[in-house]
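This report concerns only the one structure given below.
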Amino acid sequence: MLRARIADGTYPPDTRVPSLVQLTAEFGVASVTAQKALRHLREEGDTYTVQGLGSFVAPGHDKTPPPSP
């Protein structure tokens, strides 16, 4: 679900993805499961983490086509 939101532009590049607490509440999963999902996205290069600030969408994941000239 998070990867789909990154792909469709719901979470644009360099924007913060939901926190661990937000993910557990939204999806009704255990914090360990949400943590694994965030780690997987980071390992796949979809997100990056800034210590103390959270996880952000990695640059280059903007699927929006460029504007027409």
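Residue names in the structure tokens use chain letters A, B, ... in the order shown, residue numbers from 1 in each chain, and ligand numbers from 1 in the order shown.
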
Which residues, written as an NGL selection string, have at least one atom at most 10 Å from Phe27 (chain A), with only C-alpha atoms counted and residues fewer than 5 positions away on the same chain left out?
-> :A and (1 or 22 or 34)

Pull all heavy atoms from the residues just selected and write them as a short mmCIF file (atom, residue, chain, number, x, y, z; two decimals), in the first residue's frame.
```cif
data_model
loop_
_atom_site.label_atom_id
_atom_site.label_comp_id
_atom_site.auth_asym_id
_atom_site.auth_seq_id
_atom_site.Cartn_x
_atom_site.Cartn_y
_atom_site.Cartn_z
N MET A 1 0.83 -1.19 0.00
CA MET A 1 0.00 0.00 0.00
C MET A 1 0.88 1.26 0.00
O MET A 1 0.59 2.19 -0.74
CB MET A 1 -0.91 -0.01 1.23
CG MET A 1 -1.83 1.18 1.32
SD MET A 1 -3.03 1.34 0.02
CE MET A 1 -4.25 0.20 0.60
N GLN A 22 1.51 6.04 13.24
CA GLN A 22 0.44 6.31 12.28
C GLN A 22 0.13 5.06 11.44
O GLN A 22 -1.04 4.77 11.18
CB GLN A 22 0.82 7.47 11.36
CG GLN A 22 0.87 8.80 12.08
CD GLN A 22 1.50 9.89 11.24
OE1 GLN A 22 2.48 9.66 10.53
NE2 GLN A 22 0.94 11.09 11.31
N ALA A 34 4.79 -2.95 10.86
CA ALA A 34 4.97 -1.64 10.25
C ALA A 34 6.45 -1.30 10.13
O ALA A 34 6.89 -0.74 9.12
CB ALA A 34 4.24 -0.57 11.06
#
```

Could you please write out, as a VMD selection string, every residue of chain A that DSSP assigns to helix (DSSP H, G or I)?
-> chain A and resid 2 to 7 20 to 27 31 to 43

May I have the residues within 12 Å of Thr24 (chain A) as a PyMOL selection string, using only C-alpha atoms and disregarding those fewer than 2 positions away in the same chain?
-> chain A and resi 18-22+26-38

Requested write-out: all heavy atoms of the selected residues, as a short mmCIF file (atom, residue, chain, number, x, y, z; two decimals), in the first residue's frame:
```cif
data_model
loop_
_atom_site.label_atom_id
_atom_site.label_comp_id
_atom_site.auth_asym_id
_atom_site.auth_seq_id
_atom_site.Cartn_x
_atom_site.Cartn_y
_atom_site.Cartn_z
N PRO A 18 4.11 8.27 6.60
CA PRO A 18 3.55 8.17 7.95
C PRO A 18 4.52 7.50 8.93
O PRO A 18 5.29 6.61 8.55
CB PRO A 18 2.30 7.33 7.75
CG PRO A 18 1.92 7.56 6.34
CD PRO A 18 3.22 7.70 5.60
N SER A 19 4.43 7.91 10.16
CA SER A 19 5.28 7.36 11.22
C SER A 19 4.83 5.94 11.56
O SER A 19 3.75 5.49 11.17
CB SER A 19 5.19 8.23 12.47
OG SER A 19 3.90 8.09 13.04
N LEU A 20 5.65 5.27 12.33
CA LEU A 20 5.35 3.93 12.80
C LEU A 20 4.01 3.91 13.54
O LEU A 20 3.16 3.04 13.29
CB LEU A 20 6.49 3.46 13.71
CG LEU A 20 6.48 2.02 14.17
CD1 LEU A 20 6.59 1.08 12.99
CD2 LEU A 20 7.61 1.78 15.14
N VAL A 21 3.79 4.87 14.39
CA VAL A 21 2.53 4.95 15.15
C VAL A 21 1.35 5.17 14.21
O VAL A 21 0.30 4.53 14.34
CB VAL A 21 2.61 6.07 16.21
CG1 VAL A 21 1.26 6.31 16.87
CG2 VAL A 21 3.67 5.75 17.25
N GLN A 22 1.51 6.04 13.24
CA GLN A 22 0.44 6.31 12.28
C GLN A 22 0.13 5.06 11.44
O GLN A 22 -1.04 4.77 11.18
CB GLN A 22 0.82 7.47 11.36
CG GLN A 22 0.87 8.80 12.08
CD GLN A 22 1.50 9.89 11.24
OE1 GLN A 22 2.48 9.66 10.53
NE2 GLN A 22 0.94 11.09 11.31
N GLU A 26 -3.45 3.19 11.22
CA GLU A 26 -4.18 3.17 9.95
C GLU A 26 -4.44 1.76 9.43
O GLU A 26 -5.52 1.46 8.94
CB GLU A 26 -3.40 3.95 8.88
CG GLU A 26 -4.11 3.96 7.54
CD GLU A 26 -3.41 4.77 6.47
OE1 GLU A 26 -2.44 5.49 6.78
OE2 GLU A 26 -3.83 4.67 5.31
N PHE A 27 -3.43 0.89 9.54
CA PHE A 27 -3.55 -0.44 8.95
C PHE A 27 -3.90 -1.52 9.97
O PHE A 27 -4.13 -2.67 9.60
CB PHE A 27 -2.27 -0.81 8.20
CG PHE A 27 -2.02 0.09 7.02
CD1 PHE A 27 -1.04 1.06 7.06
CD2 PHE A 27 -2.80 -0.02 5.87
CE1 PHE A 27 -0.82 1.89 5.97
CE2 PHE A 27 -2.59 0.81 4.78
CZ PHE A 27 -1.60 1.77 4.83
N GLY A 28 -3.91 -1.17 11.24
CA GLY A 28 -4.26 -2.14 12.27
C GLY A 28 -3.28 -3.29 12.37
O GLY A 28 -3.67 -4.44 12.59
N VAL A 29 -2.00 -2.97 12.20
CA VAL A 29 -0.95 -3.99 12.28
C VAL A 29 -0.09 -3.74 13.51
O VAL A 29 -0.10 -2.65 14.09
CB VAL A 29 -0.06 -4.00 11.01
CG1 VAL A 29 -0.89 -4.35 9.78
CG2 VAL A 29 0.62 -2.65 10.80
N ALA A 30 0.67 -4.75 13.86
CA ALA A 30 1.61 -4.63 14.99
C ALA A 30 2.75 -3.69 14.58
O ALA A 30 3.09 -3.56 13.40
CB ALA A 30 2.17 -5.99 15.36
N SER A 31 3.35 -3.05 15.56
CA SER A 31 4.45 -2.12 15.27
C SER A 31 5.61 -2.83 14.60
O SER A 31 6.28 -2.24 13.75
CB SER A 31 4.90 -1.39 16.53
OG SER A 31 5.36 -2.29 17.50
N VAL A 32 5.83 -4.09 14.94
CA VAL A 32 6.91 -4.86 14.30
C VAL A 32 6.64 -4.99 12.80
O VAL A 32 7.56 -4.87 11.98
CB VAL A 32 7.05 -6.26 14.96
CG1 VAL A 32 7.97 -7.15 14.17
CG2 VAL A 32 7.54 -6.11 16.38
N THR A 33 5.39 -5.22 12.43
CA THR A 33 5.03 -5.36 11.02
C THR A 33 5.23 -4.04 10.28
O THR A 33 5.79 -4.01 9.18
CB THR A 33 3.57 -5.82 10.88
OG1 THR A 33 3.41 -7.05 11.58
CG2 THR A 33 3.17 -6.00 9.43
N ALA A 34 4.79 -2.95 10.86
CA ALA A 34 4.97 -1.64 10.25
C ALA A 34 6.45 -1.30 10.13
O ALA A 34 6.89 -0.74 9.12
CB ALA A 34 4.24 -0.57 11.06
N GLN A 35 7.22 -1.65 11.14
CA GLN A 35 8.66 -1.39 11.12
C GLN A 35 9.32 -2.18 10.00
O GLN A 35 10.19 -1.65 9.30
CB GLN A 35 9.26 -1.77 12.48
CG GLN A 35 10.64 -1.26 12.71
CD GLN A 35 11.06 -1.47 14.16
OE1 GLN A 35 10.61 -2.40 14.83
NE2 GLN A 35 11.91 -0.60 14.65
N LYS A 36 8.91 -3.42 9.79
CA LYS A 36 9.45 -4.23 8.70
C LYS A 36 9.12 -3.62 7.35
O LYS A 36 9.95 -3.60 6.44
CB LYS A 36 8.90 -5.66 8.76
CG LYS A 36 9.52 -6.50 9.83
CD LYS A 36 8.93 -7.91 9.82
CE LYS A 36 9.48 -8.75 10.95
NZ LYS A 36 8.90 -10.11 10.95
N ALA A 37 7.90 -3.11 7.20
CA ALA A 37 7.50 -2.48 5.95
C ALA A 37 8.37 -1.25 5.67
O ALA A 37 8.85 -1.07 4.54
CB ALA A 37 6.03 -2.09 6.00
N LEU A 38 8.57 -0.42 6.67
CA LEU A 38 9.41 0.77 6.49
C LEU A 38 10.85 0.39 6.17
O LEU A 38 11.49 0.99 5.30
CB LEU A 38 9.35 1.65 7.73
CG LEU A 38 8.03 2.37 7.98
CD1 LEU A 38 8.05 3.08 9.33
CD2 LEU A 38 7.74 3.36 6.85
#
```

Going by DSSP on the backbone, which bits of chain A are strand (DSSP E)? Write them as a compact mmCIF listing (two decimals) with N, CA and C atoms, in the first residue's frame, please.
```
# COMPACT_ATOMS: atom_id res chain seq x y z
N THR A 47 12.60 4.79 0.09
CA THR A 47 12.60 5.82 1.11
C THR A 47 14.01 5.95 1.69
N TYR A 48 14.20 7.02 2.44
CA TYR A 48 15.42 7.20 3.22
C TYR A 48 15.00 7.70 4.59
N THR A 49 15.86 7.51 5.57
CA THR A 49 15.54 7.89 6.94
C THR A 49 16.47 8.99 7.41
N VAL A 50 15.90 9.97 8.08
CA VAL A 50 16.67 11.02 8.73
C VAL A 50 16.45 10.82 10.22
N GLY A 54 12.29 10.95 10.79
CA GLY A 54 11.42 9.96 10.18
C GLY A 54 11.89 9.50 8.83
N SER A 55 10.97 8.87 8.10
CA SER A 55 11.25 8.32 6.77
C SER A 55 10.65 9.23 5.71
N PHE A 56 11.37 9.38 4.62
CA PHE A 56 10.97 10.26 3.52
C PHE A 56 11.06 9.52 2.20
N VAL A 57 10.23 9.91 1.24
CA VAL A 57 10.27 9.31 -0.09
C VAL A 57 11.57 9.73 -0.77
```

If you count only C-alpha atoms, which residues fall within 12 Å of Arg3 (chain A), apart from same-chain ones fewer than 5 positions away, as number ranges by chain?
-> A: 8-12, 17, 37-38, 40-42, 44-47, 57-58, 61, 63
